[in-house]
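I have placed the structure first, in the form of C-alpha cells, so that the comments after it can refer back to it.
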Amino acid sequence: MNPLRPYLAALLPALLLVAGPAAGAADPPLALGSSWYPEQWPESRWNDDLALMQAAGLRMARVGEFAWSSLEPEEGRYTLDWLERAVAAAAAHDIVVVLGTPTDAPPAWLTRKYPETLRVDESGRQAQHGSRRQFSYASAKYRELCRGIVEQLARRFGTNPNVIGWQIGNEYTEDSYDAESRRLFQEWLQAKYQTLAALNQRWVTAYWSQAYDRWDEVPIPTGAGNPGLMLDYKRFVTDEWRGFQRNQLEVIRKYADRSQVITTNLGGLGWADRFNRREVAADLDLISWDEYAATSAGTGAAVRNVGLPTLDPWRAGATHDLVRGWKGRNFWVMEMQPGSVDWAAISSSLDRGVTRVMAWEAVGHGADLVAFWQWRSALSGQEQYHGALVGPDGAPLPFYAEARQIGAEFAKAGPTFLGTAPLSQVAILHDYDSRWAIDFHPQTERYDQIEVLLGYYRALRELTQSVDIVDPRADLGGYKLVMAPSLNVISRELAEHLADYVRRGGHLVLGPRSGMKDEFNALNVERQPGALGAALGGRVEQFYALRDDIPVAGSWGRGTATIWAELLSTRGPDTEVLLRYGSGNGWLDGQPAAIARPLGRGTISYIGAVLDPALMRAACQALVTASGIEARVLAAPAGMEVCRRVGEGREVFVLLNHTSEPAGLALPGAMEDILNGGTVHRIDLPPHGAAVVARSGGETR
C-alpha cells in the first residue's frame, strides 16, 4: 500500500463531485506547498530539496507548468522519465504533486516552426520567443500542440497515486489581435445574432454610421468603440479562454483518474477582468488564485501603489471571498509570496510574520491549500530576485523558519478545519458585464469600482464577520441581505430574478450606477434602475460625477456623498426616502439620495451616492438590523480580523492581528486553542499574530 494513501484520501476533494461548498468528511484538510522546478537543477540535488520541504511541513509540490522544452525537446519526442522520477522522489518525502500542463511557455522549436501560433498585440506587433505567453489562445494549431503534450502527460500520470491534481496552464492573461482571432470573433457574433440586421439593431450601429453589411467588416476593438461591440468582445475572450482550457481539460479527463482534481491558477490581483473568471471556473473541479500582497493596492487602470510591501487585509479578504464565490465552495491559493517579489516598483519584503498572517487569512476565508512561489531561487531567468524559501546555494533563507511554523500549524489544525467552510448571511453582487460597461465609459476617473465595492464590503464584514461575493444570477435564497453596488447591466431576466428574491423575503440594496444598461450594453429605455424601477417605486432622474463632496442626512445619520451622486425620485406612496442631499451643486439640493420600498415579504432599496465610510457603516448597520442578521459573533478591536468557518456541529475562528501593536479579545465562552492546546477564555496576539480557536455548536450545513 502506498504510505501516502491515508493523506491522499483526506486531501483528494471528493466534495467536488457534489454541489455546495462542503461535504463532511470528504473535504480536504489544510495543506501547505510550494512550486518546485526539478528541471532547473541537477537530479542529485532533488532529495536535499525535498527533505527541506518535508522538514518545513510542505506536503504539496506544483511541478511542470513551465517545463515544455524539457518534456518535449523537439516535436513528437517526449522525455517524461525525469518527471516520473521527480514525482517518485516527492512521494518518498510524503509530498504529493499537482502537475501543471506546460502550455504557458511554449518551447523555441514550436514558435520557430509555427509562427502562426504567436500572439499579436493591439498595435499589430507579433510576440517573439524569450519570455512566456507568446502564444495566441485562439490558434487552432497551438491548441493542437497543447493537446499533444497534455495527452502524453495524462497517459503517463493520470493514474499515478502521488499526482493529486492538474493545473491547466498558468495565469491566463493576454488575448490576441491576430487575423485568426478576428475571424473567430466574427463567427462568434454570427452564431449569436444570426443576422447582421439583429446585430445592427442591438448595437445601434446607426450611430456614427457604424452599420455593418458583412460579417468580416466587424473589427476587434483596440480602444474606445461601440459599447455593444466592446462588451461582446469581452464575452468572446471569455469563451476563447474557456475553449483553450476545455481543450486540455477534456484530454486530462479522458485518461486521468477521477480522484485527480483539475484546476487553474488565476493571477492578476484576483479582480482582473480581461475575461469572466466565474465562467472560466465553471468547468473546473476547484479554483485557485495567486495572492501577492505587493499588488493589493489597486487593479486595472486604478493601480497606483504597486510595489508597497504591505498587506491590505480588506482587499485580500474580499478577493478570497470573490474567488470562493466563483464556484460557491472552498478554493486553493496556488501562489503566495514568501516575503518578497522581484517585479514591483520597490520589491522589499513583507514584515516578519505578515506572510503567516496572509496564509491564515486565506484559510479563514475558505482556502484549503496554500502554496508558495517559489521553493528555490532560480539561477537565471526573469525572476532571479523573487522571494523563495531556499537560496541558490540550496540552504534555507530567513523566511524558511516562518514557512516551517506555518507548516507545523497547518498540520496541527488540519483535522479541526476538515469539513468546514465560511457561512454568510449577506452577499455582495459582482458582475463582469457591469464592470466592463463602466470601465468602457467611466464618466469620472475617480470612480474606482473595486474601491466602491470594498466600501460596502468593509462595513458589512465589520458587522457580520462573513460576506460572500457572488454573481447576480446565483441562487440568492440563502442570504438575508444582498448588496449590489455598480450593477450597471441589468437585463429584464436578471431584474425578475432579483425582484423574485425580494418578494420571497430578501432585502436587496442597489448601489450607484445600477440598471443603466441592458444586456447589449445599450442604455435601458427606462430610467435607472431599468426594469427594477417598478419594483423600487422610484427611479434615478439624473446622475452627477462630483468634483466636491455633498452633505447628506436622513434616518441613517449624517455624512457626505463623494465621487458620484444620483438624483432619485419616488413614484409610489409606500416608497420611503432614507437620505436627502444638502446644499451641493444646486440640482441635488434637498433631493432624495437613498430610497426603499417593501415588496412582497422583503424590501428593495437604492443608494444613489458613494457614501463616506462612517455613513456607509451606519447604513449597513441599519440594513443588517432590518434584515434580521445576527450581530458579530466575536467583538474584536480595530485592526483584528475574525474569520469563521462552520462544519457539522462546530465553529472554527481564525483571529488575525493586522497591526504592529499587540491586540487581544475576550471570548464569549470557553474555546479550544487549536495551535497551543488547552481551553482559553481570552486571546492575546502579538503584532502580526494569528490564532485559531474552536467550539462545538453553531449552524450546520
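Quick note on naming: the chains in the C-alpha cells go A, B, ... in the order shown, residues restart at 1 in each chain, and ligands are numbered from 1 in order of appearance.
Near Thr79 of chain A, within 10 Å and counting only C-alpha atoms, sit A:Trp68, A:Ser69, A:Ser70, A:Leu71, A:Glu72, A:Pro73, A:Glu74, A:Leu83, A:Glu84, A:Gln152; same-chain residues fewer than 4 positions away were not included.
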Considering only C-alpha atoms, return as a list in words whatever protein or nucleic-acid residues lie within 8 Å of segment 231-245 of chain A, sequence-local ones (same chain, fewer than 3 positions apart) excluded.
Tyr137, Ala138, Arg143, Ile168, Tyr172, Asp175, Phe185, Trp188, Leu189, Ile220, Pro221, Pro227, Gly228, Gln248, Leu249, Arg274, Phe275, Asn276, Arg277, Glu279, Val280, Asp433, Trp436, Ala437, Phe520 and Asn521 of chain A
Neighbouring residues of Thr103 of chain A were defined as those with any atom within 10 Å, considering only C-alpha atoms; residues of the same chain fewer than 5 positions away were excluded. Please report them as a PDB file with N, CA and C atoms, in the first residue's frame.
ATOM      1  N   GLY A  64       6.101  21.316 -13.151  1.00  0.00           N
ATOM      2  CA  GLY A  64       5.980  21.093 -14.582  1.00  0.00           C
ATOM      3  C   GLY A  64       5.335  22.182 -15.399  1.00  0.00           C
ATOM      4  N   GLU A  65       4.797  23.227 -14.782  1.00  0.00           N
ATOM      5  CA  GLU A  65       3.983  24.167 -15.552  1.00  0.00           C
ATOM      6  C   GLU A  65       4.781  25.037 -16.521  1.00  0.00           C
ATOM      7  N   PHE A  66       6.118  25.050 -16.399  1.00  0.00           N
ATOM      8  CA  PHE A  66       6.940  25.795 -17.352  1.00  0.00           C
ATOM      9  C   PHE A  66       7.983  24.894 -18.034  1.00  0.00           C
ATOM     10  N   ALA A  67       7.737  23.591 -18.047  1.00  0.00           N
ATOM     11  CA  ALA A  67       8.788  22.634 -18.439  1.00  0.00           C
ATOM     12  C   ALA A  67       8.606  22.047 -19.829  1.00  0.00           C
ATOM     13  N   TRP A  68       7.894  22.712 -20.728  1.00  0.00           N
ATOM     14  CA  TRP A  68       7.601  22.106 -22.032  1.00  0.00           C
ATOM     15  C   TRP A  68       8.887  21.723 -22.776  1.00  0.00           C
ATOM     16  N   ARG A 132       7.314  34.387 -21.903  1.00  0.00           N
ATOM     17  CA  ARG A 132       6.259  33.387 -21.832  1.00  0.00           C
ATOM     18  C   ARG A 132       4.976  34.023 -22.367  1.00  0.00           C
ATOM     19  N   ARG A 133       3.947  33.201 -22.533  1.00  0.00           N
ATOM     20  CA  ARG A 133       2.658  33.662 -23.040  1.00  0.00           C
ATOM     21  C   ARG A 133       2.774  34.325 -24.411  1.00  0.00           C
ATOM     22  N   PHE A 135       1.934  32.903 -27.039  1.00  0.00           N
ATOM     23  CA  PHE A 135       1.004  32.194 -27.898  1.00  0.00           C
ATOM     24  C   PHE A 135      -0.320  32.950 -28.041  1.00  0.00           C
ATOM     25  N   TYR A 142      -1.954  25.938 -32.176  1.00  0.00           N
ATOM     26  CA  TYR A 142      -1.390  25.909 -30.823  1.00  0.00           C
ATOM     27  C   TYR A 142      -2.198  24.981 -29.924  1.00  0.00           C
ATOM     28  N   ARG A 143      -3.503  25.015 -30.059  1.00  0.00           N
ATOM     29  CA  ARG A 143      -4.327  24.117 -29.247  1.00  0.00           C
ATOM     30  C   ARG A 143      -4.024  22.652 -29.577  1.00  0.00           C
ATOM     31  N   LEU A 145      -1.137  21.437 -30.592  1.00  0.00           N
ATOM     32  CA  LEU A 145       0.152  21.112 -29.976  1.00  0.00           C
ATOM     33  C   LEU A 145       0.028  20.995 -28.459  1.00  0.00           C
ATOM     34  N   CYS A 146      -0.794  21.852 -27.851  1.00  0.00           N
ATOM     35  CA  CYS A 146      -1.043  21.744 -26.409  1.00  0.00           C
ATOM     36  C   CYS A 146      -1.674  20.403 -26.075  1.00  0.00           C
ATOM     37  N   ARG A 147      -2.648  20.027 -26.861  1.00  0.00           N
ATOM     38  CA  ARG A 147      -3.348  18.771 -26.599  1.00  0.00           C
ATOM     39  C   ARG A 147      -2.391  17.585 -26.713  1.00  0.00           C
ATOM     40  N   ILE A 149       0.956  17.431 -25.998  1.00  0.00           N
ATOM     41  CA  ILE A 149       1.801  17.262 -24.818  1.00  0.00           C
ATOM     42  C   ILE A 149       0.959  16.889 -23.603  1.00  0.00           C
ATOM     43  N   VAL A 150      -0.235  17.462 -23.499  1.00  0.00           N
ATOM     44  CA  VAL A 150      -1.087  17.157 -22.347  1.00  0.00           C
ATOM     45  C   VAL A 150      -1.552  15.706 -22.396  1.00  0.00           C
ATOM     46  N   ILE A 168      -4.093  23.589 -15.262  1.00  0.00           N
ATOM     47  CA  ILE A 168      -4.056  23.843 -16.697  1.00  0.00           C
ATOM     48  C   ILE A 168      -3.387  25.192 -16.949  1.00  0.00           C
ATOM     49  N   GLY A 169      -2.262  25.176 -17.652  1.00  0.00           N
ATOM     50  CA  GLY A 169      -1.564  26.417 -17.987  1.00  0.00           C
ATOM     51  C   GLY A 169      -1.141  27.170 -16.743  1.00  0.00           C
ATOM     52  N   ASN A 170      -1.140  28.482 -16.862  1.00  0.00           N
ATOM     53  CA  ASN A 170      -0.704  29.305 -15.733  1.00  0.00           C
ATOM     54  C   ASN A 170      -1.155  30.748 -15.955  1.00  0.00           C
ATOM     55  N   GLN A 248      -7.661  21.166 -23.095  1.00  0.00           N
ATOM     56  CA  GLN A 248      -6.769  20.369 -22.252  1.00  0.00           C
ATOM     57  C   GLN A 248      -7.551  19.565 -21.218  1.00  0.00           C
TER      58      GLN A 248
END
Write out as a ChimeraX atom specification which residues come within 8 Å of Ala378 of chain A when counting only C-alpha atoms, dropping same-chain ones fewer than 4 positions away.
/A:40,383-384,392
In Å, with one decimal, what is the gap from atom CA of Glu651 of chain A to atom CA of Met671 of chain A?
10.0 Å
Looking only at strand (DSSP E) from DSSP on the backbone, list the matching residues of segment 325-513 of chain A as a PDB file with N, CA, C and O atoms, in the first residue's frame.
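Result went into part-v4.pdb, see below:
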ATOM      1  N   PHE A 331     -11.444  26.888  -1.902  1.00  0.00           N
ATOM      2  CA  PHE A 331     -10.532  27.097  -3.020  1.00  0.00           C
ATOM      3  C   PHE A 331      -9.108  26.844  -2.566  1.00  0.00           C
ATOM      4  O   PHE A 331      -8.853  26.535  -1.396  1.00  0.00           O
ATOM      5  N   TRP A 332      -8.150  26.999  -3.487  1.00  0.00           N
ATOM      6  CA  TRP A 332      -6.721  26.918  -3.191  1.00  0.00           C
ATOM      7  C   TRP A 332      -6.052  28.249  -3.522  1.00  0.00           C
ATOM      8  O   TRP A 332      -6.455  28.933  -4.466  1.00  0.00           O
ATOM      9  N   VAL A 333      -5.027  28.588  -2.790  1.00  0.00           N
ATOM     10  CA  VAL A 333      -4.107  29.660  -3.170  1.00  0.00           C
ATOM     11  C   VAL A 333      -2.868  28.968  -3.714  1.00  0.00           C
ATOM     12  O   VAL A 333      -2.079  28.402  -2.957  1.00  0.00           O
ATOM     13  N   MET A 334      -2.696  29.012  -5.021  1.00  0.00           N
ATOM     14  CA  MET A 334      -1.614  28.248  -5.649  1.00  0.00           C
ATOM     15  C   MET A 334      -0.272  28.961  -5.558  1.00  0.00           C
ATOM     16  O   MET A 334       0.782  28.320  -5.603  1.00  0.00           O
ATOM     17  N   GLU A 335      -0.290  30.274  -5.439  1.00  0.00           N
ATOM     18  CA  GLU A 335       0.953  31.027  -5.275  1.00  0.00           C
ATOM     19  C   GLU A 335       0.761  32.102  -4.215  1.00  0.00           C
ATOM     20  O   GLU A 335      -0.205  32.863  -4.267  1.00  0.00           O
ATOM     21  N   MET A 336       1.678  32.149  -3.272  1.00  0.00           N
ATOM     22  CA  MET A 336       1.733  33.214  -2.268  1.00  0.00           C
ATOM     23  C   MET A 336       3.197  33.596  -2.105  1.00  0.00           C
ATOM     24  O   MET A 336       4.075  32.744  -2.090  1.00  0.00           O
ATOM     25  N   ALA A 367      -9.702  28.944   2.061  1.00  0.00           N
ATOM     26  CA  ALA A 367      -8.645  28.200   1.373  1.00  0.00           C
ATOM     27  C   ALA A 367      -8.344  26.907   2.122  1.00  0.00           C
ATOM     28  O   ALA A 367      -8.233  26.908   3.345  1.00  0.00           O
ATOM     29  N   ASP A 368      -8.191  25.823   1.382  1.00  0.00           N
ATOM     30  CA  ASP A 368      -7.812  24.543   1.970  1.00  0.00           C
ATOM     31  C   ASP A 368      -6.377  24.158   1.620  1.00  0.00           C
ATOM     32  O   ASP A 368      -5.875  23.157   2.107  1.00  0.00           O
ATOM     33  N   LEU A 369      -5.741  24.939   0.754  1.00  0.00           N
ATOM     34  CA  LEU A 369      -4.345  24.719   0.406  1.00  0.00           C
ATOM     35  C   LEU A 369      -3.717  26.076   0.109  1.00  0.00           C
ATOM     36  O   LEU A 369      -4.326  26.916  -0.556  1.00  0.00           O
ATOM     37  N   VAL A 370      -2.509  26.280   0.615  1.00  0.00           N
ATOM     38  CA  VAL A 370      -1.731  27.487   0.335  1.00  0.00           C
ATOM     39  C   VAL A 370      -0.351  27.034  -0.118  1.00  0.00           C
ATOM     40  O   VAL A 370       0.278  26.196   0.539  1.00  0.00           O
ATOM     41  N   ALA A 371       0.110  27.567  -1.244  1.00  0.00           N
ATOM     42  CA  ALA A 371       1.420  27.183  -1.771  1.00  0.00           C
ATOM     43  C   ALA A 371       2.243  28.436  -2.069  1.00  0.00           C
ATOM     44  O   ALA A 371       1.713  29.443  -2.541  1.00  0.00           O
ATOM     45  N   PHE A 372       3.525  28.354  -1.795  1.00  0.00           N
ATOM     46  CA  PHE A 372       4.423  29.481  -2.041  1.00  0.00           C
ATOM     47  C   PHE A 372       4.975  29.441  -3.456  1.00  0.00           C
ATOM     48  O   PHE A 372       5.174  28.384  -4.044  1.00  0.00           O
ATOM     49  N   ALA A 421     -16.366  25.407   6.116  1.00  0.00           N
ATOM     50  CA  ALA A 421     -16.306  26.458   5.102  1.00  0.00           C
ATOM     51  C   ALA A 421     -16.947  27.705   5.686  1.00  0.00           C
ATOM     52  O   ALA A 421     -17.725  27.630   6.648  1.00  0.00           O
ATOM     53  N   PRO A 422     -16.629  28.874   5.148  1.00  0.00           N
ATOM     54  CA  PRO A 422     -17.311  30.090   5.598  1.00  0.00           C
ATOM     55  C   PRO A 422     -18.819  29.992   5.351  1.00  0.00           C
ATOM     56  O   PRO A 422     -19.271  29.338   4.404  1.00  0.00           O
ATOM     57  N   VAL A 426     -25.026  37.402   4.336  1.00  0.00           N
ATOM     58  CA  VAL A 426     -25.066  38.590   3.490  1.00  0.00           C
ATOM     59  C   VAL A 426     -24.155  38.375   2.290  1.00  0.00           C
ATOM     60  O   VAL A 426     -23.124  37.702   2.391  1.00  0.00           O
ATOM     61  N   ALA A 427     -24.544  38.924   1.146  1.00  0.00           N
ATOM     62  CA  ALA A 427     -23.754  38.793  -0.076  1.00  0.00           C
ATOM     63  C   ALA A 427     -23.652  40.137  -0.776  1.00  0.00           C
ATOM     64  O   ALA A 427     -24.546  40.985  -0.679  1.00  0.00           O
ATOM     65  N   ILE A 428     -22.533  40.308  -1.486  1.00  0.00           N
ATOM     66  CA  ILE A 428     -22.347  41.439  -2.391  1.00  0.00           C
ATOM     67  C   ILE A 428     -22.309  40.878  -3.804  1.00  0.00           C
ATOM     68  O   ILE A 428     -21.643  39.872  -4.066  1.00  0.00           O
ATOM     69  N   LEU A 429     -23.007  41.537  -4.718  1.00  0.00           N
ATOM     70  CA  LEU A 429     -23.045  41.075  -6.095  1.00  0.00           C
ATOM     71  C   LEU A 429     -21.899  41.687  -6.889  1.00  0.00           C
ATOM     72  O   LEU A 429     -21.656  42.888  -6.819  1.00  0.00           O
ATOM     73  N   ASP A 468     -20.204  36.895   1.495  1.00  0.00           N
ATOM     74  CA  ASP A 468     -19.971  36.231   0.218  1.00  0.00           C
ATOM     75  C   ASP A 468     -19.991  37.275  -0.895  1.00  0.00           C
ATOM     76  O   ASP A 468     -20.728  38.269  -0.810  1.00  0.00           O
ATOM     77  N   ILE A 469     -19.199  37.057  -1.929  1.00  0.00           N
ATOM     78  CA  ILE A 469     -19.234  37.889  -3.132  1.00  0.00           C
ATOM     79  C   ILE A 469     -19.612  36.965  -4.276  1.00  0.00           C
ATOM     80  O   ILE A 469     -18.859  36.038  -4.601  1.00  0.00           O
ATOM     81  N   VAL A 470     -20.777  37.192  -4.867  1.00  0.00           N
ATOM     82  CA  VAL A 470     -21.337  36.217  -5.800  1.00  0.00           C
ATOM     83  C   VAL A 470     -21.854  36.904  -7.057  1.00  0.00           C
ATOM     84  O   VAL A 470     -22.045  38.116  -7.104  1.00  0.00           O
ATOM     85  N   LEU A 481     -29.561  39.479   3.271  1.00  0.00           N
ATOM     86  CA  LEU A 481     -29.284  40.813   2.736  1.00  0.00           C
ATOM     87  C   LEU A 481     -28.344  40.672   1.548  1.00  0.00           C
ATOM     88  O   LEU A 481     -27.323  39.988   1.638  1.00  0.00           O
ATOM     89  N   VAL A 482     -28.684  41.322   0.435  1.00  0.00           N
ATOM     90  CA  VAL A 482     -27.855  41.320  -0.764  1.00  0.00           C
ATOM     91  C   VAL A 482     -27.614  42.756  -1.191  1.00  0.00           C
ATOM     92  O   VAL A 482     -28.566  43.521  -1.372  1.00  0.00           O
ATOM     93  N   MET A 483     -26.343  43.119  -1.338  1.00  0.00           N
ATOM     94  CA  MET A 483     -25.954  44.475  -1.740  1.00  0.00           C
ATOM     95  C   MET A 483     -25.390  44.422  -3.157  1.00  0.00           C
ATOM     96  O   MET A 483     -24.591  43.535  -3.484  1.00  0.00           O
ATOM     97  N   ALA A 484     -25.765  45.403  -3.983  1.00  0.00           N
ATOM     98  CA  ALA A 484     -25.372  45.373  -5.393  1.00  0.00           C
ATOM     99  C   ALA A 484     -24.827  46.727  -5.834  1.00  0.00           C
ATOM    100  O   ALA A 484     -25.489  47.459  -6.562  1.00  0.00           O
ATOM    101  N   HIS A 507     -33.720  41.087   1.255  1.00  0.00           N
ATOM    102  CA  HIS A 507     -33.501  42.537   1.301  1.00  0.00           C
ATOM    103  C   HIS A 507     -32.419  42.871   0.283  1.00  0.00           C
ATOM    104  O   HIS A 507     -31.254  42.515   0.464  1.00  0.00           O
ATOM    105  N   LEU A 508     -32.801  43.546  -0.800  1.00  0.00           N
ATOM    106  CA  LEU A 508     -31.897  43.902  -1.885  1.00  0.00           C
ATOM    107  C   LEU A 508     -31.595  45.390  -1.832  1.00  0.00           C
ATOM    108  O   LEU A 508     -32.514  46.213  -1.762  1.00  0.00           O
ATOM    109  N   VAL A 509     -30.305  45.720  -1.864  1.00  0.00           N
ATOM    110  CA  VAL A 509     -29.877  47.113  -1.868  1.00  0.00           C
ATOM    111  C   VAL A 509     -29.066  47.360  -3.132  1.00  0.00           C
ATOM    112  O   VAL A 509     -27.974  46.808  -3.297  1.00  0.00           O
ATOM    113  N   LEU A 510     -29.606  48.173  -4.022  1.00  0.00           N
ATOM    114  CA  LEU A 510     -28.890  48.566  -5.230  1.00  0.00           C
ATOM    115  C   LEU A 510     -28.033  49.782  -4.928  1.00  0.00           C
ATOM    116  O   LEU A 510     -28.479  50.703  -4.234  1.00  0.00           O
TER     117      LEU A 510
END
Residue nearest Ala690 of chain A - candidates A:Ser349, A:Gln465, A:Gln542, A:Thr355, atoms counted: only C-alpha atoms:
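Using only C-alpha atoms, the shortest distance to Ala690 of chain A belongs to A:Thr355.
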Best match for closeness to Ala413 of chain A among A:Ala626, A:Val261, A:Ala55, A:Val692, counting only C-alpha atoms
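Of the candidates, the smallest distance to Ala413 of chain A is held by A:Val692.
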d(atom CA of Trp314 of chain A, atom CA of Leu454 of chain A) in Å
7.4 Å
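Using only C-alpha atoms, the nearest neighbour of Ile450 of chain A within the list A:Ser139, A:Ser340, A:Ser424, A:Thr319 is A:Thr319.
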